[in-house]
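Heads up, query25.cif below (mmCIF, C-alpha atoms):
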data_entry
#
loop_
_atom_site.label_atom_id
_atom_site.label_comp_id
_atom_site.auth_asym_id
_atom_site.auth_seq_id
_atom_site.Cartn_x
_atom_site.Cartn_y
_atom_site.Cartn_z
CA MET K 1 -48.90 -19.13 17.09
CA SER K 2 -47.85 -20.77 13.82
CA SER K 3 -44.11 -21.43 13.83
CA PRO K 4 -42.27 -22.20 10.58
CA ALA K 5 -38.51 -22.62 10.62
CA ALA K 6 -36.54 -19.42 11.02
CA ALA K 7 -35.06 -17.83 7.94
CA PRO K 8 -31.28 -18.04 7.56
CA GLN K 9 -29.38 -15.31 9.36
CA ASP K 10 -26.73 -14.99 6.64
CA THR K 11 -27.94 -13.75 3.26
CA GLY K 12 -24.61 -14.29 1.53
CA GLN K 13 -24.19 -10.51 1.24
CA GLN K 14 -24.15 -9.30 4.84
CA ARG K 15 -24.68 -11.20 8.03
CA LEU K 16 -27.94 -10.54 9.89
CA TRP K 17 -27.28 -10.01 13.57
CA SER K 18 -29.88 -11.06 16.10
CA VAL K 19 -31.31 -8.54 18.56
CA ASP K 20 -29.68 -10.39 21.45
CA GLU K 21 -26.27 -10.47 19.76
CA HIS K 22 -26.33 -6.76 19.06
CA LEU K 23 -27.43 -5.90 22.61
CA ALA K 24 -24.71 -8.12 24.07
CA ASP K 25 -22.15 -6.37 21.86
CA VAL K 26 -23.35 -2.95 23.04
CA LEU K 27 -23.32 -3.87 26.73
CA ALA K 28 -19.87 -5.49 26.45
CA ALA K 29 -18.46 -2.13 25.35
CA VAL K 30 -20.12 -0.08 28.09
CA ARG K 31 -18.55 0.30 31.52
CA PRO K 32 -20.18 1.98 34.54
CA LEU K 33 -19.03 5.56 35.05
CA GLU K 34 -16.46 6.25 37.78
CA PRO K 35 -17.97 7.20 41.16
CA ILE K 36 -17.86 10.78 42.39
CA GLU K 37 -18.94 12.61 45.57
CA LEU K 38 -22.00 14.79 45.02
CA GLN K 39 -24.19 17.11 47.04
CA LEU K 40 -27.54 15.52 47.87
CA LEU K 41 -29.70 17.29 45.29
CA ASP K 42 -27.07 16.79 42.60
CA ALA K 43 -27.14 13.06 43.39
CA GLN K 44 -30.85 12.66 42.60
CA GLY K 45 -31.32 9.89 40.05
CA CYS K 46 -27.81 8.54 40.62
CA VAL K 47 -26.84 5.07 41.86
CA LEU K 48 -25.28 4.79 45.31
CA VAL K 49 -21.90 3.00 45.31
CA GLU K 50 -21.53 2.45 49.06
CA ASP K 51 -23.66 1.26 51.94
CA VAL K 52 -24.83 4.16 54.12
CA THR K 53 -25.28 3.48 57.82
CA VAL K 54 -27.19 5.57 60.34
CA PRO K 55 -24.88 7.66 62.58
CA VAL K 56 -27.62 8.78 64.98
CA ALA K 57 -31.02 7.39 65.90
CA LEU K 58 -34.12 8.84 64.24
CA PRO K 59 -35.81 10.54 65.87
CA PRO K 60 -32.85 11.44 68.11
CA PHE K 61 -35.10 12.05 71.14
CA ASP K 62 -38.61 11.26 72.37
CA ASN K 63 -40.92 13.85 70.84
CA SER K 64 -44.57 14.76 70.54
CA SER K 65 -46.66 13.66 67.58
CA MET K 66 -49.41 16.18 68.44
CA ASP K 67 -49.96 19.75 69.53
CA GLY K 68 -51.18 19.51 73.11
CA TYR K 69 -49.96 19.15 76.68
CA ALA K 70 -47.20 16.98 78.12
CA VAL K 71 -48.51 15.36 81.29
CA ARG K 72 -47.97 12.66 83.91
CA THR K 73 -50.46 9.82 83.35
CA ALA K 74 -51.43 9.67 87.05
CA ASP K 75 -52.58 13.28 86.90
CA VAL K 76 -55.13 12.63 84.13
CA GLN K 77 -56.31 9.20 85.22
CA GLY K 78 -60.14 9.13 85.15
CA ALA K 79 -60.41 12.60 83.59
CA SER K 80 -63.65 13.37 81.74
CA GLU K 81 -65.59 16.39 80.48
CA GLU K 82 -67.74 16.25 83.59
CA PHE K 83 -64.78 15.84 85.93
CA PRO K 84 -61.72 17.26 84.15
CA ALA K 85 -58.22 17.07 85.53
CA VAL K 86 -57.07 20.60 86.33
CA LEU K 87 -53.31 21.06 85.84
CA THR K 88 -50.97 24.00 86.26
CA VAL K 89 -49.31 25.00 82.98
CA ILE K 90 -45.61 25.64 83.63
CA GLY K 91 -44.49 26.76 80.17
CA ASP K 92 -44.13 25.97 76.47
CA VAL K 93 -42.03 23.33 74.72
CA ALA K 94 -41.62 24.16 71.05
CA ALA K 95 -39.81 22.23 68.32
CA GLY K 96 -36.13 23.05 68.66
CA SER K 97 -36.39 23.83 72.37
CA GLY K 98 -33.14 23.35 74.28
CA GLU K 99 -33.78 23.81 78.01
CA LEU K 100 -36.91 21.91 78.97
CA PRO K 101 -39.17 22.52 81.98
CA ALA K 102 -39.57 19.53 84.29
CA VAL K 103 -43.19 18.38 84.66
CA GLY K 104 -44.03 17.56 88.25
CA PRO K 105 -47.21 16.29 89.96
CA GLY K 106 -50.27 18.32 88.98
CA GLN K 107 -48.39 20.10 86.21
CA ALA K 108 -48.45 20.20 82.40
CA ALA K 109 -46.41 21.86 79.66
CA ARG K 110 -47.81 23.09 76.38
CA ILE K 111 -46.02 21.09 73.69
CA MET K 112 -45.89 21.37 69.91
CA THR K 113 -45.58 18.63 67.29
CA GLY K 114 -41.96 17.50 67.00
CA ALA K 115 -40.91 19.10 70.29
CA PRO K 116 -38.90 16.98 72.75
CA LEU K 117 -40.84 15.36 75.59
CA PRO K 118 -39.87 17.25 78.75
CA PRO K 119 -38.53 15.39 81.81
CA GLY K 120 -41.23 14.07 84.11
CA ALA K 121 -43.85 13.88 81.37
CA GLU K 122 -45.10 10.43 80.34
CA ALA K 123 -47.66 11.20 77.65
CA VAL K 124 -49.13 13.94 75.48
CA VAL K 125 -52.82 14.82 75.49
CA PRO K 126 -53.95 16.52 72.24
CA VAL K 127 -55.22 20.09 72.63
CA GLU K 128 -58.64 18.85 71.43
CA TRP K 129 -58.89 16.80 74.66
CA THR K 130 -58.57 19.99 76.72
CA ASP K 131 -60.07 23.46 77.09
CA GLY K 132 -56.86 24.96 75.73
CA GLY K 133 -56.39 26.85 78.98
CA ALA K 134 -59.36 29.07 78.19
CA GLY K 135 -61.59 27.77 80.95
CA ALA K 136 -64.35 26.76 78.50
CA GLY K 137 -65.28 23.64 76.51
CA ALA K 138 -63.11 21.53 74.22
CA ALA K 139 -60.52 23.56 72.34
CA THR K 140 -59.94 23.33 68.60
CA GLY K 141 -56.42 24.78 68.65
CA MET K 142 -53.89 26.81 70.54
CA THR K 143 -53.55 30.58 70.72
CA PRO K 144 -50.27 31.55 68.99
CA ALA K 145 -47.49 32.10 71.51
CA SER K 146 -46.61 35.49 70.00
CA ALA K 147 -50.19 36.72 70.35
CA ALA K 148 -50.78 35.45 73.88
CA PRO K 149 -47.55 34.70 75.76
CA GLU K 150 -49.58 34.28 78.92
CA GLY K 151 -50.98 31.08 77.36
CA ALA K 152 -47.85 29.29 78.54
CA GLY K 153 -49.08 29.68 82.12
CA GLY K 154 -52.29 29.39 84.07
CA GLU K 155 -54.38 26.24 84.18
CA VAL K 156 -55.62 23.70 81.65
CA ARG K 157 -58.55 21.33 82.02
CA VAL K 158 -57.97 17.87 80.56
CA HIS K 159 -61.14 15.99 79.53
CA ARG K 160 -59.71 12.55 78.76
CA ALA K 161 -57.20 10.16 80.30
CA ALA K 162 -54.00 9.21 78.48
CA GLU K 163 -51.96 6.03 78.64
CA ALA K 164 -48.22 6.09 79.06
CA ARG K 165 -46.36 7.06 75.84
CA ALA K 166 -49.60 8.21 74.18
CA HIS K 167 -48.80 10.51 71.22
CA VAL K 168 -45.07 10.18 71.87
CA ARG K 169 -42.68 9.23 69.06
CA ALA K 170 -39.94 7.21 70.69
CA ARG K 171 -36.24 7.86 70.13
CA GLY K 172 -35.00 5.50 67.39
CA SER K 173 -38.52 4.43 66.35
CA ASP K 174 -37.61 5.22 62.71
CA VAL K 175 -34.02 3.93 62.57
CA GLN K 176 -31.39 3.10 65.17
CA ALA K 177 -27.76 4.21 65.10
CA GLY K 178 -25.76 1.62 63.18
CA ASP K 179 -28.71 0.48 61.03
CA LEU K 180 -28.25 0.20 57.27
CA ALA K 181 -29.95 3.29 55.84
CA LEU K 182 -29.41 2.60 52.13
CA ALA K 183 -27.57 -0.20 50.37
CA ALA K 184 -25.09 0.25 47.54
CA GLY K 185 -26.92 0.03 44.22
CA THR K 186 -29.89 2.11 45.39
CA VAL K 187 -31.17 4.70 42.92
CA LEU K 188 -31.57 7.95 44.83
CA GLY K 189 -35.07 9.38 44.49
CA PRO K 190 -36.77 12.00 46.69
CA PRO K 191 -37.47 9.62 49.65
CA GLN K 192 -33.87 8.41 49.66
CA ILE K 193 -32.56 11.98 49.48
CA ALA K 194 -34.81 12.83 52.44
CA LEU K 195 -33.42 9.95 54.49
CA LEU K 196 -29.83 10.94 53.74
CA ALA K 197 -30.56 14.51 54.83
CA ALA K 198 -32.36 13.30 57.97
CA ILE K 199 -29.31 11.33 59.12
CA GLY K 200 -27.03 14.30 58.46
CA ARG K 201 -25.38 13.34 55.18
CA GLY K 202 -24.59 16.42 53.07
CA THR K 203 -22.83 14.51 50.30
CA VAL K 204 -22.91 10.97 48.99
CA ARG K 205 -20.73 8.82 46.73
CA VAL K 206 -22.53 7.79 43.54
CA ARG K 207 -22.06 7.00 39.90
CA PRO K 208 -23.10 10.17 38.06
CA ARG K 209 -26.00 10.27 35.63
CA PRO K 210 -24.65 9.63 32.11
CA ARG K 211 -24.46 12.60 29.75
CA VAL K 212 -26.15 11.59 26.51
CA VAL K 213 -25.92 13.71 23.36
CA VAL K 214 -28.66 13.13 20.77
CA LEU K 215 -28.19 14.23 17.15
CA SER K 216 -30.71 13.81 14.36
CA THR K 217 -29.58 13.96 10.75
CA GLY K 218 -31.35 14.96 7.57
CA SER K 219 -31.49 18.04 5.36
CA GLU K 220 -35.28 17.70 5.33
CA LEU K 221 -35.60 18.34 9.07
CA VAL K 222 -36.99 21.59 10.43
CA GLN K 223 -37.18 22.52 14.11
CA PRO K 224 -40.67 22.73 15.68
CA GLY K 225 -41.92 26.30 15.66
CA GLU K 226 -40.33 27.11 12.32
CA ALA K 227 -42.18 27.22 9.01
CA LEU K 228 -42.20 24.12 6.81
CA ALA K 229 -40.91 24.49 3.27
CA PRO K 230 -41.87 22.05 0.49
CA GLY K 231 -40.27 18.65 1.10
CA THR K 232 -39.44 19.29 4.75
CA ILE K 233 -40.75 17.75 7.98
CA TYR K 234 -40.40 18.58 11.64
CA ASP K 235 -37.59 16.96 13.61
CA SER K 236 -39.33 14.72 16.13
CA ASN K 237 -36.66 12.05 16.64
CA SER K 238 -34.21 14.19 18.57
CA PHE K 239 -36.97 15.30 20.94
CA ALA K 240 -38.24 11.75 21.42
CA LEU K 241 -34.80 10.30 22.07
CA ALA K 242 -33.66 13.13 24.35
CA ALA K 243 -36.83 12.68 26.39
CA ALA K 244 -36.30 8.90 26.43
CA ALA K 245 -32.72 9.40 27.62
CA ARG K 246 -33.94 11.55 30.50
CA ASP K 247 -36.59 8.96 31.31
CA ALA K 248 -33.85 6.32 31.48
CA GLY K 249 -31.95 8.40 34.04
CA ALA K 250 -29.50 10.35 31.86
CA ILE K 251 -28.71 14.02 31.46
CA ALA K 252 -29.68 14.60 27.82
CA TYR K 253 -28.36 17.20 25.40
CA ARG K 254 -30.31 17.58 22.17
CA VAL K 255 -28.45 18.91 19.14
CA GLY K 256 -30.44 20.47 16.30
CA ALA K 257 -30.72 18.47 13.11
CA VAL K 258 -27.49 18.13 11.13
CA ALA K 259 -27.76 18.43 7.34
CA ASP K 260 -26.76 15.55 5.07
CA ASN K 261 -23.11 16.51 4.89
CA ALA K 262 -20.47 14.09 6.18
CA ASP K 263 -17.92 16.75 7.06
CA THR K 264 -20.48 18.80 8.97
CA LEU K 265 -21.62 15.74 10.91
CA ARG K 266 -18.07 14.73 11.82
CA ALA K 267 -17.31 18.25 13.01
CA THR K 268 -20.52 18.34 15.06
CA ILE K 269 -19.74 15.00 16.68
CA GLU K 270 -16.20 16.11 17.50
CA ASP K 271 -17.57 19.28 19.14
CA GLN K 272 -20.00 17.23 21.25
CA LEU K 273 -17.49 14.66 22.52
CA ILE K 274 -16.39 16.93 25.35
CA ARG K 275 -19.78 16.64 27.07
CA ALA K 276 -20.80 13.10 26.11
CA ASP K 277 -20.61 9.80 27.96
CA LEU K 278 -22.74 8.38 25.14
CA LEU K 279 -23.63 9.66 21.67
CA VAL K 280 -26.85 8.75 19.85
CA THR K 281 -27.53 9.61 16.22
CA THR K 282 -30.72 8.97 14.32
CA GLY K 283 -31.00 8.63 10.55
CA GLY K 284 -28.45 8.03 7.85
CA VAL K 285 -27.49 4.41 8.60
CA SER K 286 -29.08 2.50 5.71
CA VAL K 287 -27.84 2.05 2.12
CA GLY K 288 -29.06 5.25 0.47
CA ALA K 289 -26.92 7.81 -1.32
CA TYR K 290 -27.56 10.35 1.46
CA ASP K 291 -27.01 8.14 4.49
CA VAL K 292 -24.61 10.62 6.04
CA VAL K 293 -23.91 8.87 9.35
CA LYS K 294 -22.65 5.76 7.62
CA GLU K 295 -20.58 7.87 5.23
CA ALA K 296 -19.10 10.05 7.96
CA LEU K 297 -18.24 7.32 10.43
CA SER K 298 -17.35 4.28 8.34
CA SER K 299 -13.70 5.35 8.37
CA VAL K 300 -13.49 5.57 12.18
CA GLY K 301 -10.58 3.46 13.39
CA ALA K 302 -8.42 4.04 10.35
CA ASP K 303 -6.14 6.34 12.36
CA PRO K 304 -6.48 5.67 16.10
CA GLU K 305 -4.37 8.74 16.94
CA ALA K 306 -6.50 11.18 14.97
CA GLY K 307 -9.15 12.69 17.23
CA VAL K 308 -12.64 11.73 16.16
CA ASP K 309 -11.21 8.87 14.07
CA ALA K 310 -10.05 7.03 17.17
CA GLY K 311 -12.25 4.08 18.08
CA ARG K 312 -14.17 1.59 15.98
CA MET K 313 -17.55 1.80 14.25
CA GLU K 314 -19.53 -0.97 12.66
CA PHE K 315 -22.74 -0.76 10.66
CA ARG K 316 -24.83 -3.90 10.55
CA LYS K 317 -28.25 -5.29 9.74
CA LEU K 318 -30.37 -6.85 12.45
CA ALA K 319 -33.00 -9.55 12.17
CA MET K 320 -35.70 -7.26 13.54
CA GLN K 321 -38.58 -5.10 12.39
CA PRO K 322 -38.62 -2.14 12.68
CA GLY K 323 -35.00 -1.09 13.09
CA LYS K 324 -33.05 -3.35 10.75
CA PRO K 325 -30.10 -0.98 10.05
CA GLN K 326 -27.99 -0.18 13.12
CA GLY K 327 -24.58 1.24 13.85
CA PHE K 328 -22.48 0.87 16.96
CA GLY K 329 -18.96 1.52 18.12
CA THR K 330 -16.72 3.87 20.01
CA ILE K 331 -15.38 7.17 18.82
CA GLY K 332 -12.87 9.86 19.80
CA PRO K 333 -9.81 9.80 22.06
CA ASP K 334 -11.83 8.53 25.06
CA HIS K 335 -13.55 5.86 22.95
CA THR K 336 -17.01 7.25 23.74
CA PRO K 337 -19.79 4.79 22.85
CA LEU K 338 -21.91 5.83 19.87
CA LEU K 339 -25.15 4.18 18.79
CA ALA K 340 -26.40 5.08 15.32
CA LEU K 341 -30.13 4.43 15.01
CA PRO K 342 -32.35 4.42 11.91
CA GLY K 343 -34.30 7.55 11.01
CA ASN K 344 -37.90 6.38 10.85
CA PRO K 345 -39.54 7.59 14.08
CA VAL K 346 -40.84 4.24 15.30
CA SER K 347 -37.64 2.47 14.26
CA SER K 348 -35.51 4.94 16.19
CA TYR K 349 -37.67 4.77 19.31
CA VAL K 350 -37.86 0.97 19.35
CA SER K 351 -34.10 0.85 18.79
CA PHE K 352 -33.59 3.23 21.70
CA GLU K 353 -35.65 1.05 24.03
CA LEU K 354 -33.83 -2.12 22.99
CA PHE K 355 -30.24 -0.86 22.86
CA VAL K 356 -29.70 2.72 24.08
CA ARG K 357 -31.72 2.52 27.29
CA PRO K 358 -29.80 -0.58 28.45
CA ALA K 359 -26.51 1.19 27.63
CA ILE K 360 -27.54 4.21 29.71
CA ARG K 361 -28.59 2.03 32.63
CA ALA K 362 -25.31 0.10 32.42
CA LEU K 363 -23.35 3.38 32.51
CA MET K 364 -25.28 4.24 35.68
CA GLY K 365 -24.02 1.04 37.28
CA LEU K 366 -27.35 -0.74 37.57
CA PRO K 367 -27.35 -4.56 37.64
CA ALA K 368 -28.05 -6.51 34.45
CA SER K 369 -31.55 -7.34 35.69
CA GLU K 370 -32.48 -3.64 35.68
CA VAL K 371 -30.99 -2.34 32.44
CA SER K 372 -33.89 -3.32 30.16
CA ARG K 373 -37.60 -2.65 30.42
CA PRO K 374 -39.63 -5.31 32.25
CA SER K 375 -41.66 -7.74 30.16
CA VAL K 376 -44.72 -9.86 30.85
CA ARG K 377 -46.74 -12.53 29.07
CA ALA K 378 -50.15 -11.40 27.82
CA VAL K 379 -52.97 -12.73 25.67
CA LEU K 380 -53.53 -11.05 22.31
CA LYS K 381 -56.86 -9.25 22.11
CA ALA K 382 -57.46 -8.39 18.45
CA ASP K 383 -59.94 -8.76 15.60
CA GLN K 384 -57.44 -10.47 13.32
CA PRO K 385 -54.08 -12.25 13.53
CA LEU K 386 -50.77 -10.40 13.75
CA ARG K 387 -48.52 -11.07 10.75
CA SER K 388 -44.74 -11.05 10.99
CA PRO K 389 -41.98 -11.75 8.45
CA ALA K 390 -40.09 -15.01 8.88
CA GLY K 391 -36.66 -14.62 10.40
CA ARG K 392 -37.36 -11.21 11.95
CA ARG K 393 -38.18 -10.38 15.56
CA GLN K 394 -41.03 -7.92 15.21
CA PHE K 395 -41.95 -5.25 17.75
CA LEU K 396 -45.52 -3.95 17.42
CA ARG K 397 -47.10 -1.17 19.44
CA GLY K 398 -49.65 -2.30 21.99
CA ALA K 399 -51.98 -1.26 24.78
CA TYR K 400 -51.54 -3.55 27.79
CA ASP K 401 -54.32 -4.25 30.30
CA GLY K 402 -52.78 -5.57 33.50
CA GLU K 403 -56.12 -6.48 35.08
CA SER K 404 -57.20 -8.79 32.27
CA GLY K 405 -53.69 -9.82 31.22
CA THR K 406 -54.38 -8.86 27.60
CA VAL K 407 -52.69 -6.67 25.02
CA SER K 408 -54.25 -5.00 21.99
CA PRO K 409 -52.55 -3.63 18.86
CA VAL K 410 -52.29 0.15 18.51
CA GLY K 411 -52.06 1.42 14.93
CA GLY K 412 -50.42 -0.38 12.04
CA SER K 413 -46.95 -1.80 11.60
CA GLY K 414 -45.52 1.13 9.61
CA SER K 415 -42.29 2.55 11.04
CA HIS K 416 -43.45 6.15 10.39
CA LEU K 417 -46.65 6.03 12.49
CA ILE K 418 -45.82 8.44 15.32
CA ALA K 419 -49.44 8.97 16.41
CA ALA K 420 -49.87 5.26 17.12
CA LEU K 421 -46.65 5.24 19.12
CA ALA K 422 -47.92 8.11 21.27
CA HIS K 423 -50.92 6.01 22.32
CA ALA K 424 -49.01 2.79 23.02
CA ASP K 425 -47.72 1.74 26.43
CA SER K 426 -46.00 -1.47 25.40
CA LEU K 427 -44.33 -3.38 22.60
CA MET K 428 -45.67 -6.75 21.49
CA VAL K 429 -42.82 -9.10 20.58
CA VAL K 430 -43.25 -11.63 17.78
CA PRO K 431 -40.27 -14.05 17.73
CA GLU K 432 -38.15 -14.70 14.65
CA ASP K 433 -39.63 -18.15 14.05
CA VAL K 434 -43.26 -17.03 14.23
CA THR K 435 -45.15 -15.55 11.27
CA SER K 436 -48.66 -15.35 12.75
CA VAL K 437 -50.09 -14.69 16.19
CA GLN K 438 -53.77 -15.54 16.55
CA PRO K 439 -56.21 -13.70 18.83
CA GLY K 440 -56.11 -15.56 22.15
CA ASP K 441 -52.46 -16.56 21.74
CA GLU K 442 -50.00 -15.56 24.43
CA LEU K 443 -46.96 -13.45 23.59
CA GLU K 444 -44.22 -11.41 25.24
CA VAL K 445 -45.00 -7.76 25.99
CA VAL K 446 -42.36 -5.16 26.85
CA LEU K 447 -43.82 -2.54 29.20
CA LEU K 448 -42.80 1.01 28.29
CA GLY K 449 -44.32 2.93 31.19
#

Render the structure in this file as structure tokens.
Amino acid sequence: MSSPAAAPQDTGQQRLWSVDEHLADVLAAVRPLEPIELQLLDAQGCVLVEDVTVPVALPPFDNSSMDGYAVRTADVQGASEEFPAVLTVIGDVAAGSGELPAVGPGQAARIMTGAPLPPGAEAVVPVEWTDGGAGAGAATGMTPASAAPEGAGGEVRVHRAAEARAHVRARGSDVQAGDLALAAGTVLGPPQIALLAAIGRGTVRVRPRPRVVVLSTGSELVQPGEALAPGTIYDSNSFALAAAARDAGAIAYRVGAVADNADTLRATIEDQLIRADLLVTTGGVSVGAYDVVKEALSSVGADPEAGVDAGRMEFRKLAMQPGKPQGFGTIGPDHTPLLALPGNPVSSYVSFELFVRPAIRALMGLPASEVSRPSVRAVLKADQPLRSPAGRRQFLRGAYDGESGTVSPVGGSGSHLIAALAHADSLMVVPEDVTSVQPGDELEVVLLG
């Protein structure tokens, strides 16, 4: 990489904030949500706030891992197809059975997968090792109990020997009572929910998933499925950012595009505050005559007792490309965080990944090491060098190959190129003090998937 000196961060007109400064400012204003008790399925995706210990061993009793016959090992010692062990079947043991028949010498009990091992039995022989009580060759299954209740009696021929504890799942072989089941800070996915249910927990104390409201702005925006008029485009940003918020772990609410009217936007934001832990707007933060977000929110903080005007908003320029114009602050009586992102599709998405996703993850209560996407070092695989403006940290779309440790550019650098973004799985990072990255050079890559 060629590395000229970085451009000044103060233009004399407005300070240029670095990416790291802006992110630090955002995270300093975000506090994890207060814990609540939730039912298990409602807690999916949430972060556990307490250690959970095991109240009872799993499994709570010795049980069979196969459909077959519970036997004493001495009774099947030396058994073969030519000289089978012939045992008296004394009954069935199904999963959920309470009273269990005792297996004595020369006896066996039909047993189903998950059923408790009856007293006296030392092992389970799979039904395929027997004649299934039919007096013929090797069985392939059992006759349903409802269709042939007499199958629980009679005799069974066992064709193979079994060692002690064969096909028996021991009590506590999964977890023992008193073991740590899940540690505080664990994100609850399906396996964790299953474990909590298995140890008898109906509710759990977690930090709830943040509620994120996404608003796009622009009189030119039309909702997908509607007809386009001259000069209009479809609203993609609100869909992209709502989906990204869900991907980050939030509950996302997408609001239809708000026209370029400051009063309308302020009223919409005020209506949404009741269901928002975080607000995200896209568009209207630059220096144009119709940059409605900046117009509507620049006065926030003037009257801290006046509803939506409570809080503090700041609009700033960042030393990054794309995504130079950004807004951040708190708004409303509860000082709800609001991040105002630029309107170009790639700019808004990159800004989300850099600033909004970490804010969401911080609200969830995740540690600092897990709020941002992971990054790796990779070698640039390209036909020509990557160019980057001096003094700007540039984020370019890339396709990362983990096997070869390389990354290739996807599409151009334009902030409107949605199709290229859809085919990228990473962002290539060109530092502020670098203007050219040559093929074969190593650079930082943020992994998006």

Please put the answer as JSON: centre and edge lengths, in Å with one decimal, of a box along x, y and z that encloses all listed atoms of segment 101-108 of chain K plus 8 Å on each side.
{"center_x": -44.7, "center_y": 19.4, "center_z": 86.0, "size_x": 27.1, "size_y": 22.2, "size_z": 24.0}

Please expand the PyMOL selection byres ((chain K and resi 107) around 6) into the concrete residues it hits in this file, giving the result as a compact mmCIF listing (two decimals) with C-alpha atoms, keeping the file's coordinate frame.
# COMPACT_ATOMS: atom_id res chain seq x y z
CA LEU K 87 -53.31 21.06 85.84
CA THR K 88 -50.97 24.00 86.26
CA VAL K 89 -49.31 25.00 82.98
CA VAL K 103 -43.19 18.38 84.66
CA GLY K 104 -44.03 17.56 88.25
CA PRO K 105 -47.21 16.29 89.96
CA GLY K 106 -50.27 18.32 88.98
CA ALA K 108 -48.45 20.20 82.40

Practice problem: Show which residues sit within 6 Å of segment 240-257 of chain K, as a PyMOL selection string. Count all atoms listed in the file, and ignore same-chain residues fewer than 3 positions away. | Solution: chain K and resi 209-217+237

Self-check item: the PyMOL selection byres ((chain K and resi 26) around 9) resolved against shown file, as number ranges by chain
Solution: K: 21-25, 27-30, 328-329, 337, 339, 355-356, 358-359

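If you measure from each of K:Val175, K:Ala262, K:Val19, K:Ala276 to Gln394 of chain K using all atoms listed in the file, the closest one turns out to be K:Val19.
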
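The gap separating atom CA of Arg169 of chain K from atom CA of Ala57 of chain K is 12.2 Å, in Å to one decimal.
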
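Nearest residue to Val158 of chain K among K:Ala95, K:Val125, K:Ile90, K:Ala267 is K:Val125, counting all atoms listed in the file.
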
Quiz item: So, counting only C-alpha atoms, which residue among K:Leu318, K:Leu273, K:Ala181, K:Ala382 is closest to Asp51 of chain K?
Solution: K:Ala181

Exercise. Taking the file as shown, find all residues satisfying the PyMOL selection byres ((chain K and resi 177) around 10) and write them as a list in words.
Key: Thr53, Val54, Pro55, Val56, Ala57, Leu58, Pro60, Gly172, Val175, Gln176, Gly178, Asp179, Leu180, Ala181 and Ile199 of chain K

Since we have the selection now, will you write its residues out, keeping C-alpha atoms, as a PDB file, in the coordinates of the input?
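Output file again-v3.pdb follows:
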ATOM      1  CA  THR K  53     -25.280   3.480  57.820  1.00  0.00           C
ATOM      2  CA  VAL K  54     -27.190   5.570  60.340  1.00  0.00           C
ATOM      3  CA  PRO K  55     -24.880   7.660  62.580  1.00  0.00           C
ATOM      4  CA  VAL K  56     -27.620   8.780  64.980  1.00  0.00           C
ATOM      5  CA  ALA K  57     -31.020   7.390  65.900  1.00  0.00           C
ATOM      6  CA  LEU K  58     -34.120   8.840  64.240  1.00  0.00           C
ATOM      7  CA  PRO K  60     -32.850  11.440  68.110  1.00  0.00           C
ATOM      8  CA  GLY K 172     -35.000   5.500  67.390  1.00  0.00           C
ATOM      9  CA  VAL K 175     -34.020   3.930  62.570  1.00  0.00           C
ATOM     10  CA  GLN K 176     -31.390   3.100  65.170  1.00  0.00           C
ATOM     11  CA  GLY K 178     -25.760   1.620  63.180  1.00  0.00           C
ATOM     12  CA  ASP K 179     -28.710   0.480  61.030  1.00  0.00           C
ATOM     13  CA  LEU K 180     -28.250   0.200  57.270  1.00  0.00           C
ATOM     14  CA  ALA K 181     -29.950   3.290  55.840  1.00  0.00           C
ATOM     15  CA  ILE K 199     -29.310  11.330  59.120  1.00  0.00           C
TER      16      ILE K 199
END

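The spacing separating atom CA of Arg377 of chain K from atom CA of Val407 of chain K amounts to 9.3 Å.
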
Shell around Val71 of chain K at 8 Å using only C-alpha atoms, local window under 2 positions removed, as a short mmCIF file (atom, residue, chain, number, x, y, z; two decimals) with C-alpha atoms, in the coordinates of the input:
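Done, and the output landed in around.cif:
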data_model
loop_
_atom_site.label_atom_id
_atom_site.label_comp_id
_atom_site.auth_asym_id
_atom_site.auth_seq_id
_atom_site.Cartn_x
_atom_site.Cartn_y
_atom_site.Cartn_z
CA TYR K 69 -49.96 19.15 76.68
CA THR K 73 -50.46 9.82 83.35
CA ASP K 75 -52.58 13.28 86.90
CA VAL K 76 -55.13 12.63 84.13
CA VAL K 103 -43.19 18.38 84.66
CA GLN K 107 -48.39 20.10 86.21
CA ALA K 108 -48.45 20.20 82.40
CA ALA K 109 -46.41 21.86 79.66
CA GLY K 120 -41.23 14.07 84.11
CA ALA K 121 -43.85 13.88 81.37
CA GLU K 122 -45.10 10.43 80.34
CA ALA K 123 -47.66 11.20 77.65
CA VAL K 124 -49.13 13.94 75.48
CA VAL K 125 -52.82 14.82 75.49
#

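Atom pair atom CA of Ser388 of chain K / atom CA of Pro345 of chain K: separated by 19.6 Å.
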
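The protein and nucleic acid residues lying at most 8 Å from segment 34-50 of chain K are Ala183, Ala184, Gly185, Thr186, Val187, Leu188, Gly189, Pro190, Ile193, Leu196, Ala197, Arg201, Gly202, Thr203, Val204, Arg205, Val206, Arg207, Pro208, Arg209, Gly249, Met364, Gly365 and Leu366 of chain K, with only C-alpha atoms considered and sequence neighbours fewer than 3 positions away removed.
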
Quiz item: Can you list, as a PyMOL selection string, every protein, DNA or RNA residue that comes within 10 Å of segment 77-84 of chain K when you count all atoms listed in the file, leaving out same-chain residues fewer than 3 positions away?
Solution: chain K and resi 72-74+87+129-131+137-138+156-163

Quiz prompt | Spatial sel., origin (-43.9, 26.2, 80.1), limit 7 Å, all atoms listed in the file, listed as an MDAnalysis selection string | solution = chainID K and resid 89:93 101 109:110 152:153
